[in-house]
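Peer 1: structure29.csv is reproduced below (CSV, C-alpha atoms).
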```csv
chain,number,residue,atom,x,y,z
A,281,MET,CA,-0.2,-29.6,16.4
A,282,THR,CA,3.0,-29.1,14.4
A,283,ILE,CA,2.8,-25.3,14.0
A,284,ALA,CA,1.9,-22.4,16.4
A,285,LYS,CA,-1.8,-22.2,17.1
A,286,LYS,CA,-1.8,-18.5,16.2
A,287,ILE,CA,-0.3,-19.2,12.8
A,288,ASP,CA,-2.7,-22.1,12.2
A,289,THR,CA,-5.6,-19.6,12.9
A,290,PHE,CA,-4.0,-17.1,10.6
A,291,ILE,CA,-3.8,-19.6,7.8
A,292,THR,CA,-7.6,-20.2,8.1
A,293,ARG,CA,-8.4,-16.5,7.8
A,294,SER,CA,-5.4,-15.5,5.6
A,295,SER,CA,-5.6,-13.0,2.7
A,296,TRP,CA,-8.6,-13.3,0.3
A,297,ILE,CA,-6.3,-11.9,-2.3
A,298,ARG,CA,-4.1,-14.9,-2.2
A,299,LYS,CA,-7.0,-17.3,-2.0
A,300,MET,CA,-8.5,-15.8,-5.2
A,301,PHE,CA,-5.1,-15.9,-6.9
A,302,GLU,CA,-4.8,-19.6,-6.1
A,303,GLU,CA,-8.3,-20.2,-7.3
A,304,GLY,CA,-7.4,-18.4,-10.5
A,305,ALA,CA,-4.5,-20.9,-11.1
A,306,ARG,CA,-7.0,-23.8,-10.8
A,307,LEU,CA,-9.5,-22.2,-13.2
A,308,LYS,CA,-6.8,-21.3,-15.7
A,309,ALA,CA,-5.6,-24.9,-15.7
A,310,GLU,CA,-9.1,-26.1,-16.2
A,311,HIS,CA,-10.4,-23.6,-18.8
A,312,GLY,CA,-7.3,-22.0,-20.3
A,313,ALA,CA,-5.6,-18.8,-19.2
A,314,ASP,CA,-7.2,-16.7,-21.9
A,315,LYS,CA,-10.7,-17.7,-20.7
A,316,VAL,CA,-10.2,-16.6,-17.1
A,317,TYR,CA,-10.3,-12.9,-16.2
A,318,ASP,CA,-8.2,-12.4,-13.2
A,319,PHE,CA,-8.6,-9.0,-11.3
A,320,SER,CA,-7.5,-10.5,-7.9
A,321,LEU,CA,-3.9,-9.4,-7.5
A,322,GLY,CA,-2.3,-6.0,-7.7
A,323,ASN,CA,0.6,-7.2,-9.7
A,324,PRO,CA,1.8,-4.4,-12.1
A,325,ASN,CA,1.6,-5.3,-15.7
A,326,VAL,CA,2.9,-2.1,-17.2
A,327,PRO,CA,6.6,-2.6,-18.0
A,328,PRO,CA,9.3,-0.7,-16.1
A,329,PRO,CA,10.6,2.4,-17.8
A,330,ASP,CA,13.4,2.0,-20.4
A,331,ARG,CA,15.6,4.0,-18.1
A,332,PHE,CA,15.4,1.3,-15.5
A,333,ARG,CA,16.7,-1.3,-17.8
A,334,GLN,CA,19.5,1.0,-18.9
A,335,VAL,CA,20.6,1.8,-15.4
A,336,LEU,CA,20.3,-1.9,-14.3
A,337,LYS,CA,22.7,-3.0,-17.1
A,338,GLU,CA,25.2,-0.2,-16.4
A,339,THR,CA,25.1,-1.0,-12.6
A,340,VAL,CA,25.7,-4.7,-13.2
A,341,SER,CA,28.5,-4.1,-15.7
A,342,GLN,CA,30.3,-1.6,-13.5
A,343,SER,CA,30.0,-3.4,-10.2
A,344,GLY,CA,33.1,-4.6,-8.3
A,345,PRO,CA,33.7,-7.0,-5.4
A,346,SER,CA,33.0,-4.2,-2.8
A,347,ASP,CA,29.5,-3.6,-4.2
A,348,HIS,CA,28.2,-6.9,-2.8
A,349,ILE,CA,29.5,-6.9,0.8
A,350,TYR,CA,27.7,-5.9,4.0
A,351,MET,CA,26.7,-2.2,4.3
A,352,PRO,CA,25.2,0.0,7.0
A,353,ASN,CA,21.9,-1.4,8.2
A,354,THR,CA,20.1,1.7,7.0
A,355,GLY,CA,21.5,1.3,3.4
A,356,TYR,CA,24.2,2.9,1.3
A,357,PRO,CA,24.7,6.5,2.4
A,358,MET,CA,24.7,7.8,-1.2
A,359,VAL,CA,21.4,6.0,-1.8
A,360,CYS,CA,19.9,7.5,1.3
A,361,GLN,CA,21.1,10.9,0.2
A,362,ALA,CA,19.5,10.5,-3.2
A,363,VAL,CA,16.2,9.5,-1.6
A,364,ALA,CA,16.4,12.4,1.0
A,365,GLU,CA,16.9,15.0,-1.8
A,366,HIS,CA,13.9,13.6,-3.7
A,367,LEU,CA,11.8,13.5,-0.5
A,368,THR,CA,12.6,17.1,0.3
A,369,ARG,CA,11.1,18.1,-3.0
A,370,GLU,CA,8.2,15.7,-2.8
A,371,GLN,CA,7.2,16.8,0.7
A,372,GLY,CA,6.7,20.3,-0.6
A,373,GLY,CA,8.3,22.9,1.6
A,374,ALA,CA,8.7,20.9,4.8
A,375,ALA,CA,12.0,20.8,6.6
A,376,PRO,CA,14.8,19.4,4.5
A,377,VAL,CA,15.2,15.6,4.8
A,378,SER,CA,18.7,14.4,5.4
A,379,ALA,CA,20.3,11.0,4.5
A,380,LYS,CA,20.2,10.1,8.2
A,381,ASP,CA,16.4,10.4,8.2
A,382,VAL,CA,16.1,7.6,5.6
A,383,ILE,CA,16.3,3.8,6.0
A,384,MET,CA,16.3,1.6,3.0
A,385,THR,CA,14.0,-1.4,3.5
A,386,CYS,CA,12.7,-4.6,1.8
A,387,GLY,CA,9.7,-2.9,0.3
A,388,ALA,CA,6.9,-1.0,2.0
A,389,ALA,CA,5.9,-4.2,3.8
A,390,GLY,CA,9.4,-4.5,5.3
A,391,GLY,CA,9.2,-0.8,6.1
A,392,LEU,CA,5.9,-1.1,8.0
A,393,ASN,CA,7.2,-4.0,10.0
A,394,VAL,CA,10.3,-2.1,10.9
A,395,ILE,CA,8.3,0.9,12.0
A,396,LEU,CA,5.8,-1.1,14.1
A,397,LYS,CA,8.6,-3.2,15.6
A,398,ALA,CA,10.3,0.0,16.8
A,399,LEU,CA,7.1,1.7,18.0
A,400,LEU,CA,4.7,-0.8,19.6
A,401,ASP,CA,4.6,-2.1,23.1
A,402,PRO,CA,2.3,-5.1,23.8
A,403,GLY,CA,-1.3,-4.1,23.5
A,404,ASP,CA,-0.7,-0.8,21.7
A,405,GLU,CA,-3.3,0.0,19.1
A,406,VAL,CA,-2.7,0.8,15.4
A,407,LEU,CA,-5.7,2.8,14.1
A,408,VAL,CA,-6.7,2.5,10.4
A,409,SER,CA,-9.6,3.6,8.3
A,410,ALA,CA,-11.6,0.9,6.6
A,411,PRO,CA,-11.3,-0.4,4.0
A,412,TYR,CA,-7.6,-1.1,4.4
A,413,PHE,CA,-4.9,-3.3,3.0
A,414,VAL,CA,-5.5,-6.8,4.3
A,415,GLU,CA,-2.0,-7.5,5.7
A,416,TYR,CA,-2.1,-4.6,8.2
A,417,GLY,CA,-3.6,-6.7,10.9
A,418,PHE,CA,-0.9,-9.3,10.6
A,419,TYR,CA,1.8,-6.6,10.7
A,420,ALA,CA,0.5,-5.1,13.9
A,421,ASP,CA,0.2,-8.5,15.5
A,422,ASN,CA,3.8,-9.4,14.5
A,423,HIS,CA,4.9,-6.8,17.0
A,424,GLY,CA,2.4,-7.2,19.8
A,425,GLY,CA,0.0,-4.6,18.6
A,426,VAL,CA,-3.7,-4.6,17.8
A,427,LEU,CA,-5.2,-3.3,14.6
A,428,LYS,CA,-8.3,-1.2,15.4
A,429,THR,CA,-10.5,0.0,12.5
A,430,VAL,CA,-12.7,3.0,12.1
A,431,PRO,CA,-15.2,3.5,9.2
A,432,SER,CA,-14.5,5.9,6.4
A,433,ARG,CA,-17.0,8.3,4.8
A,434,PRO,CA,-19.2,7.0,1.9
A,435,ASP,CA,-16.6,8.2,-0.6
A,436,PHE,CA,-13.8,6.4,1.3
A,437,THR,CA,-12.3,9.7,2.6
A,438,LEU,CA,-11.3,10.0,6.3
A,439,ASP,CA,-14.0,10.3,8.9
A,440,LEU,CA,-12.3,12.6,11.4
A,441,ASP,CA,-15.0,12.3,14.0
A,442,ALA,CA,-14.9,8.5,13.9
A,443,ILE,CA,-11.1,8.7,14.2
A,444,ALA,CA,-11.2,11.1,17.2
A,445,GLY,CA,-13.7,8.8,18.9
A,446,ALA,CA,-11.6,5.7,18.4
A,447,ILE,CA,-8.4,7.1,20.0
A,448,THR,CA,-7.7,5.7,23.5
A,449,GLU,CA,-4.9,5.5,25.9
A,450,LYS,CA,-3.7,2.4,24.0
A,451,THR,CA,-3.5,4.2,20.6
A,452,LYS,CA,0.1,4.6,19.4
A,453,VAL,CA,-0.1,4.8,15.6
A,454,MET,CA,-2.6,6.2,13.0
A,455,LEU,CA,-1.8,4.4,9.8
A,456,ILE,CA,-3.0,5.8,6.5
A,457,ASN,CA,-2.6,4.5,2.9
A,458,THR,CA,-2.9,7.1,0.2
A,459,PRO,CA,-3.7,6.5,-2.6
A,460,ASN,CA,-5.6,3.8,-0.9
A,461,ASN,CA,-5.7,0.0,-1.5
A,462,PRO,CA,-8.5,-1.1,-2.2
A,463,THR,CA,-10.3,2.1,-3.1
A,464,GLY,CA,-7.8,4.3,-4.9
A,465,GLN,CA,-8.9,7.3,-2.8
A,466,ILE,CA,-6.5,10.1,-2.1
A,467,TYR,CA,-6.7,12.0,1.2
A,468,SER,CA,-6.8,15.7,0.6
A,469,ALA,CA,-4.5,18.2,2.3
A,470,GLU,CA,-7.5,19.6,4.1
A,471,SER,CA,-8.5,16.2,5.6
A,472,LEU,CA,-4.9,15.5,6.5
A,473,ALA,CA,-4.6,18.8,8.3
A,474,GLY,CA,-7.8,17.9,10.1
A,475,LEU,CA,-6.3,14.6,11.1
A,476,ALA,CA,-3.1,16.3,12.3
A,477,GLY,CA,-5.3,18.5,14.5
A,478,VAL,CA,-7.1,15.5,16.0
A,479,LEU,CA,-3.8,13.7,16.7
A,480,THR,CA,-2.2,16.8,18.2
A,481,GLU,CA,-5.1,17.4,20.5
A,482,LYS,CA,-5.4,13.7,21.6
A,483,ALA,CA,-1.7,13.4,22.1
A,484,ARG,CA,-1.7,16.4,24.4
A,485,ALA,CA,-4.6,15.0,26.4
A,486,LEU,CA,-3.1,11.5,26.6
A,487,GLY,CA,0.4,12.7,27.4
A,488,ARG,CA,1.9,10.4,24.8
A,489,THR,CA,3.2,10.7,21.3
A,490,LEU,CA,0.8,9.6,18.6
A,491,TYR,CA,2.5,8.8,15.3
A,492,LEU,CA,1.1,9.3,11.8
A,493,VAL,CA,2.4,6.6,9.5
A,494,SER,CA,1.7,7.0,5.8
A,495,ASP,CA,2.0,4.0,3.5
A,496,GLU,CA,2.5,5.4,0.0
A,497,PRO,CA,3.5,2.7,-2.6
A,498,TYR,CA,0.9,4.2,-5.1
A,499,ARG,CA,2.0,7.8,-4.7
A,500,LYS,CA,2.9,8.3,-8.3
A,501,ILE,CA,0.0,6.4,-9.8
A,502,VAL,CA,-2.6,9.3,-9.9
A,503,PHE,CA,-5.0,10.5,-12.5
A,504,ASP,CA,-6.7,13.6,-13.8
A,505,GLY,CA,-4.0,15.9,-12.3
A,506,ALA,CA,-4.5,14.6,-8.8
A,507,THR,CA,-1.7,15.1,-6.3
A,508,VAL,CA,-0.8,13.3,-3.0
A,509,PRO,CA,-0.1,15.8,-0.2
A,510,GLY,CA,3.1,15.4,1.8
A,511,ILE,CA,2.5,14.8,5.5
A,512,PHE,CA,5.9,16.1,6.8
A,513,GLY,CA,4.7,19.7,6.6
A,514,ILE,CA,1.3,18.8,8.2
A,515,TYR,CA,2.2,16.7,11.3
A,516,LYS,CA,5.7,16.6,12.8
A,517,ASN,CA,5.5,13.1,14.4
A,518,SER,CA,5.1,11.5,11.0
A,519,ILE,CA,6.8,8.7,9.1
A,520,VAL,CA,6.5,7.7,5.5
A,521,THR,CA,7.1,4.3,4.0
A,522,THR,CA,6.9,3.4,0.4
A,523,SER,CA,8.4,1.1,-2.3
A,524,TYR,CA,9.4,1.1,-5.9
A,525,SER,CA,7.1,-1.9,-6.7
A,526,LYS,CA,4.4,0.2,-8.3
A,527,ASP,CA,6.3,3.3,-9.2
A,528,ILE,CA,8.6,1.5,-11.7
A,529,SER,CA,6.9,-2.0,-11.7
A,530,ILE,CA,9.6,-4.0,-9.9
A,531,PRO,CA,7.6,-5.6,-7.1
A,532,GLY,CA,9.8,-8.8,-7.1
A,533,GLU,CA,12.8,-6.7,-6.2
A,534,ARG,CA,11.4,-5.9,-2.8
A,535,LEU,CA,12.9,-2.5,-2.4
A,536,GLY,CA,11.6,0.6,-0.5
A,537,TYR,CA,12.4,2.9,2.3
A,538,VAL,CA,11.2,4.5,5.5
A,539,ALA,CA,11.7,8.2,6.2
A,540,VAL,CA,11.2,10.0,9.5
A,541,ASN,CA,10.0,13.6,9.6
A,542,PRO,CA,13.1,15.7,10.3
A,543,GLU,CA,11.2,17.6,13.1
A,544,ALA,CA,9.9,14.5,14.9
A,545,ASP,CA,10.2,14.3,18.6
A,546,ASP,CA,13.2,12.2,19.8
A,547,LYS,CA,14.1,11.5,16.2
A,548,GLY,CA,17.5,10.0,17.0
A,549,LYS,CA,16.1,7.3,19.2
A,550,LEU,CA,13.3,6.6,16.7
A,551,LEU,CA,15.8,6.1,13.8
A,552,ALA,CA,18.1,4.0,16.0
A,553,GLY,CA,15.2,1.7,16.9
A,554,MET,CA,14.2,1.2,13.3
A,555,ALA,CA,17.7,0.6,12.2
A,556,LEU,CA,17.9,-2.1,14.9
A,557,ALA,CA,14.5,-3.5,13.9
A,558,ASN,CA,15.7,-3.7,10.2
A,559,ARG,CA,18.5,-6.0,11.4
A,560,ILE,CA,16.8,-8.2,14.0
A,561,LEU,CA,13.7,-8.8,11.9
A,562,GLY,CA,16.0,-10.5,9.4
A,563,PHE,CA,15.8,-8.0,6.7
A,564,VAL,CA,19.3,-6.7,7.6
A,565,ASN,CA,19.7,-4.7,4.4
A,566,ALA,CA,17.6,-3.8,1.4
A,567,PRO,CA,19.1,-5.5,-1.7
A,568,ALA,CA,22.4,-4.0,-2.6
A,569,LEU,CA,22.2,-4.1,-6.4
A,570,MET,CA,18.8,-2.6,-6.6
A,571,GLN,CA,19.6,0.2,-4.1
A,572,ARG,CA,22.4,1.4,-6.4
A,573,VAL,CA,19.9,1.2,-9.4
A,574,VAL,CA,17.1,3.2,-7.8
A,575,ALA,CA,19.5,5.9,-6.5
A,576,GLN,CA,19.6,7.1,-10.1
A,577,LEU,CA,15.8,6.8,-10.7
A,578,GLN,CA,14.3,9.1,-8.1
A,579,GLY,CA,11.0,10.5,-9.2
A,580,LEU,CA,10.7,8.1,-12.2
A,581,SER,CA,7.5,6.2,-12.8
A,582,VAL,CA,5.9,3.9,-15.4
A,583,ASP,CA,3.6,5.3,-18.0
A,584,ILE,CA,0.6,6.3,-15.9
A,585,GLY,CA,-1.4,6.8,-19.1
A,586,GLU,CA,-1.5,3.0,-19.5
A,587,TYR,CA,-3.3,2.7,-16.2
A,588,ALA,CA,-5.5,5.7,-17.0
A,589,ARG,CA,-6.7,3.9,-20.1
A,590,LYS,CA,-7.4,0.7,-18.2
A,591,ARG,CA,-9.3,2.6,-15.6
A,592,ALA,CA,-11.5,4.2,-18.3
A,593,LEU,CA,-12.2,0.8,-19.9
A,594,LEU,CA,-13.2,-0.8,-16.6
A,595,CYS,CA,-15.2,2.2,-15.2
A,596,ASP,CA,-17.1,2.9,-18.4
A,597,GLY,CA,-17.9,-0.7,-19.0
A,598,LEU,CA,-19.2,-1.4,-15.4
A,599,ALA,CA,-21.1,1.9,-15.2
A,600,ALA,CA,-23.1,0.9,-18.4
A,601,PHE,CA,-24.3,-2.2,-16.6
A,602,GLY,CA,-25.4,-0.3,-13.5
A,603,TYR,CA,-22.5,-1.0,-11.1
A,604,GLU,CA,-22.0,1.7,-8.5
A,605,PHE,CA,-18.6,2.9,-7.5
A,606,VAL,CA,-16.4,5.9,-6.6
A,607,LYS,CA,-14.0,6.5,-9.5
A,608,PRO,CA,-10.5,6.1,-8.1
A,609,PRO,CA,-8.3,9.2,-8.4
A,610,GLY,CA,-5.2,7.0,-7.8
A,611,ALA,CA,-3.7,3.5,-7.6
A,612,PHE,CA,-5.0,0.7,-9.9
A,613,TYR,CA,-8.0,-0.6,-8.1
A,614,LEU,CA,-11.7,-0.2,-8.3
A,615,PHE,CA,-13.9,-0.9,-5.3
A,616,PRO,CA,-17.5,-1.2,-6.5
A,617,ARG,CA,-20.6,-1.8,-4.4
A,618,ALA,CA,-21.9,-5.3,-4.8
A,619,PRO,CA,-25.5,-5.5,-6.0
A,620,ILE,CA,-26.3,-7.6,-2.9
A,621,GLU,CA,-25.3,-7.3,0.7
A,622,ASP,CA,-23.4,-10.6,0.6
A,623,ASP,CA,-20.2,-9.6,-1.2
A,624,VAL,CA,-18.7,-13.1,-0.9
A,625,LYS,CA,-21.8,-14.5,-2.7
A,626,PHE,CA,-21.5,-12.0,-5.5
A,627,VAL,CA,-17.8,-12.7,-5.9
A,628,GLN,CA,-18.7,-16.3,-6.2
A,629,ALA,CA,-21.2,-15.4,-9.0
A,630,LEU,CA,-18.4,-13.5,-10.8
A,631,GLN,CA,-16.2,-16.6,-10.4
A,632,GLU,CA,-18.9,-18.6,-12.2
A,633,GLU,CA,-18.3,-16.2,-15.1
A,634,LEU,CA,-14.6,-17.0,-14.7
A,635,ILE,CA,-14.0,-13.5,-13.3
A,636,LEU,CA,-11.8,-13.3,-10.2
A,637,ALA,CA,-12.4,-10.5,-7.8
A,638,VAL,CA,-11.8,-10.0,-4.0
A,639,PRO,CA,-14.6,-9.6,-1.5
A,640,GLY,CA,-14.7,-6.3,0.3
A,641,SER,CA,-15.0,-8.3,3.6
A,642,GLY,CA,-11.4,-9.1,3.2
A,643,PHE,CA,-10.6,-5.3,3.4
A,644,GLY,CA,-12.9,-4.6,6.3
A,645,LYS,CA,-15.7,-3.3,4.1
A,646,PRO,CA,-18.4,-5.8,3.4
A,647,GLY,CA,-20.9,-5.1,0.6
A,648,HIS,CA,-18.1,-4.2,-1.9
A,649,PHE,CA,-15.5,-6.0,-4.0
A,650,ARG,CA,-12.1,-5.1,-5.4
A,651,LEU,CA,-10.9,-5.3,-8.9
A,652,ALA,CA,-7.3,-4.7,-9.8
A,653,PHE,CA,-7.1,-3.2,-13.3
A,654,CYS,CA,-3.3,-3.7,-13.7
A,655,VAL,CA,-4.2,-6.3,-16.3
A,656,SER,CA,-4.3,-6.4,-20.1
A,657,ASP,CA,-6.9,-4.4,-22.0
A,658,GLU,CA,-8.1,-7.7,-23.5
A,659,THR,CA,-8.8,-9.0,-20.0
A,660,ILE,CA,-11.0,-6.0,-19.2
A,661,VAL,CA,-12.8,-6.0,-22.5
A,662,ASN,CA,-13.4,-9.7,-22.7
A,663,ALA,CA,-14.7,-9.9,-19.1
A,664,MET,CA,-17.5,-7.4,-19.7
A,665,PRO,CA,-20.2,-9.9,-20.8
A,666,GLY,CA,-19.5,-11.8,-17.6
A,667,PHE,CA,-19.9,-8.7,-15.5
A,668,GLN,CA,-23.2,-7.9,-17.2
A,669,ARG,CA,-24.5,-11.4,-16.7
A,670,ALA,CA,-23.5,-11.5,-13.0
A,671,ILE,CA,-25.2,-8.3,-12.1
A,672,GLY,CA,-28.2,-9.3,-14.1
A,673,ARG,CA,-28.7,-12.3,-11.9
A,674,PHE,CA,-29.5,-10.0,-8.9
A,675,ARG,CA,-31.6,-7.4,-10.6
```
Give the structure from the file, written as structure tokens.
Peer 2:
Amino acid sequence: MTIAKKIDTFITRSSWIRKMFEEGARLKAEHGADKVYDFSLGNPNVPPPDRFRQVLKETVSQSGPSDHIYMPNTGYPMVCQAVAEHLTREQGGAAPVSAKDVIMTCGAAGGLNVILKALLDPGDEVLVSAPYFVEYGFYADNHGGVLKTVPSRPDFTLDLDAIAGAITEKTKVMLINTPNNPTGQIYSAESLAGLAGVLTEKARALGRTLYLVSDEPYRKIVFDGATVPGIFGIYKNSIVTTSYSKDISIPGERLGYVAVNPEADDKGKLLAGMALANRILGFVNAPALMQRVVAQLQGLSVDIGEYARKRALLCDGLAAFGYEFVKPPGAFYLFPRAPIEDDVKFVQALQEELILAVPGSGFGKPGHFRLAFCVSDETIVNAMPGFQRAIGRFR
């Protein structure tokens, strides 16, 4: 064996998303890219705002030698300050966030790994509501933790009774993702307050801190006037991580941040641990150029109306054929119920129609499948006959 046994096992059960993406490359080579309808990968197709391009050009033209040297592990102080000021507004009345509460990271994925590296002892459990982003299990394992899942309610909202029943002496982190990947569901302020009550009660009974970590890369992609509640004013031992990948369509730049609730217990040590983790995990610093760019773009987002139109095209089309789903209030994913229990078999049927989707089994929720609608309008419209034929085979 040339590689670690664990990694060899992980390769075997690695992300369905990547598997379908790779299958898409094969089908496109065989049939032509315009004949394959790829809904497998959440790769934003709405262009970054014009303001991003303007600031990027200005930043490059004005940069000097000192703008490309090492910086504090946590990021440029002026960038952390800009993020802190924005977060103070975004969190809606919670304690003011300071620059020292912020760590710039290599995307939300880097942020989650920094958080879990700092928090987890071997065997500690990370609790997550299913369905969930497929990489969470790998992230927990990276740092000696164990991902433990609980079911959500039928509309994919939090099942507080299930969460309360799943917390044990090994639980360290409750991880939420809102708006959610793969469902697009947003957790309401009421449900988050209920979750905070559960965590507070259980932490007191267990005699240990339970952390609420919110993964929020889709925060600004919301529809129909929906809002994403801030968790800092709801639960004090809370941490937010996010990225600019979806907000302004720059996923390849790998830039995000972690922010700790200003009122968190033992905040100084927590921040010191994450700053160290940022370094020893090899991230060291978030990219210098892009930090300076996003410092001037706080609160900016792509044209959400583009995604709203795509959501309508997909939802209206599938509903007409009899597909059942919860219309997503956020993100750019739809998570319909498969017409048969075997979601993998149904996804294979879609593939025969040259439609690429991801089985719900990969997200911990069999019987469903995920469609990423961050694709061209033509892809959605031209895929409709195939969606109709696929469901017709099982009716």
Peer 1: Give the answer as one residue: which of A:Leu367, A:Val624, A:Ala670, A:Leu593 has the shortest atom-to-atom distance to Val655 (chain A), using only C-alpha atoms?
Peer 2: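 Nearest to Val655 (chain A): A:Leu593.
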Peer 1: One decimal, Å: what's the distance from CA of Pro328 (chain A) over to CA of Ser494 (chain A), could you say?
Peer 2: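 Going from CA of Pro328 (chain A) over to CA of Ser494 (chain A) covers 24.4 Å.
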Peer 1: For region 425-434 of chain A, please output as a PyMOL selection string all residues within 10 Å (counting all atoms listed in the file; exclusion window: fewer than 3 positions along the same chain).
Peer 2: chain A and resi 396-397+399-412+416-422+437-447+450-455+606+644-645
Peer 1: Within 8 Å of (-1.4, 13.4, -1.2) (coordinates as in the file), grab all the protein and nucleic acid residues, counting all atoms listed in the file, and write them out as a list in words.
Peer 2: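 Protein and nucleic acid residues near the point are Thr458, Pro459, Ile466, Tyr467, Ser468, Ala469, Arg499, Thr507, Val508, Pro509, Gly510 and Ile511 of chain A.
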Peer 1: Could you dump the residues just selected with C-alpha atoms as a compact mmCIF listing (two decimals), in the frame of the given file?
Peer 2:
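Output file part35.txt follows:
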```txt
# COMPACT_ATOMS: atom_id res chain seq x y z
CA THR A 458 -2.90 7.10 0.20
CA PRO A 459 -3.70 6.50 -2.60
CA ILE A 466 -6.50 10.10 -2.10
CA TYR A 467 -6.70 12.00 1.20
CA SER A 468 -6.80 15.70 0.60
CA ALA A 469 -4.50 18.20 2.30
CA ARG A 499 2.00 7.80 -4.70
CA THR A 507 -1.70 15.10 -6.30
CA VAL A 508 -0.80 13.30 -3.00
CA PRO A 509 -0.10 15.80 -0.20
CA GLY A 510 3.10 15.40 1.80
CA ILE A 511 2.50 14.80 5.50
```
Peer 1: Would you please work out which residue, of A:Thr354, A:Ser320, A:Ser471, A:Gln578, is nearest to Leu636 (chain A) when using all atoms listed in the file?
Peer 2: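 The answer is A:Ser320, which sits nearest to Leu636 (chain A).
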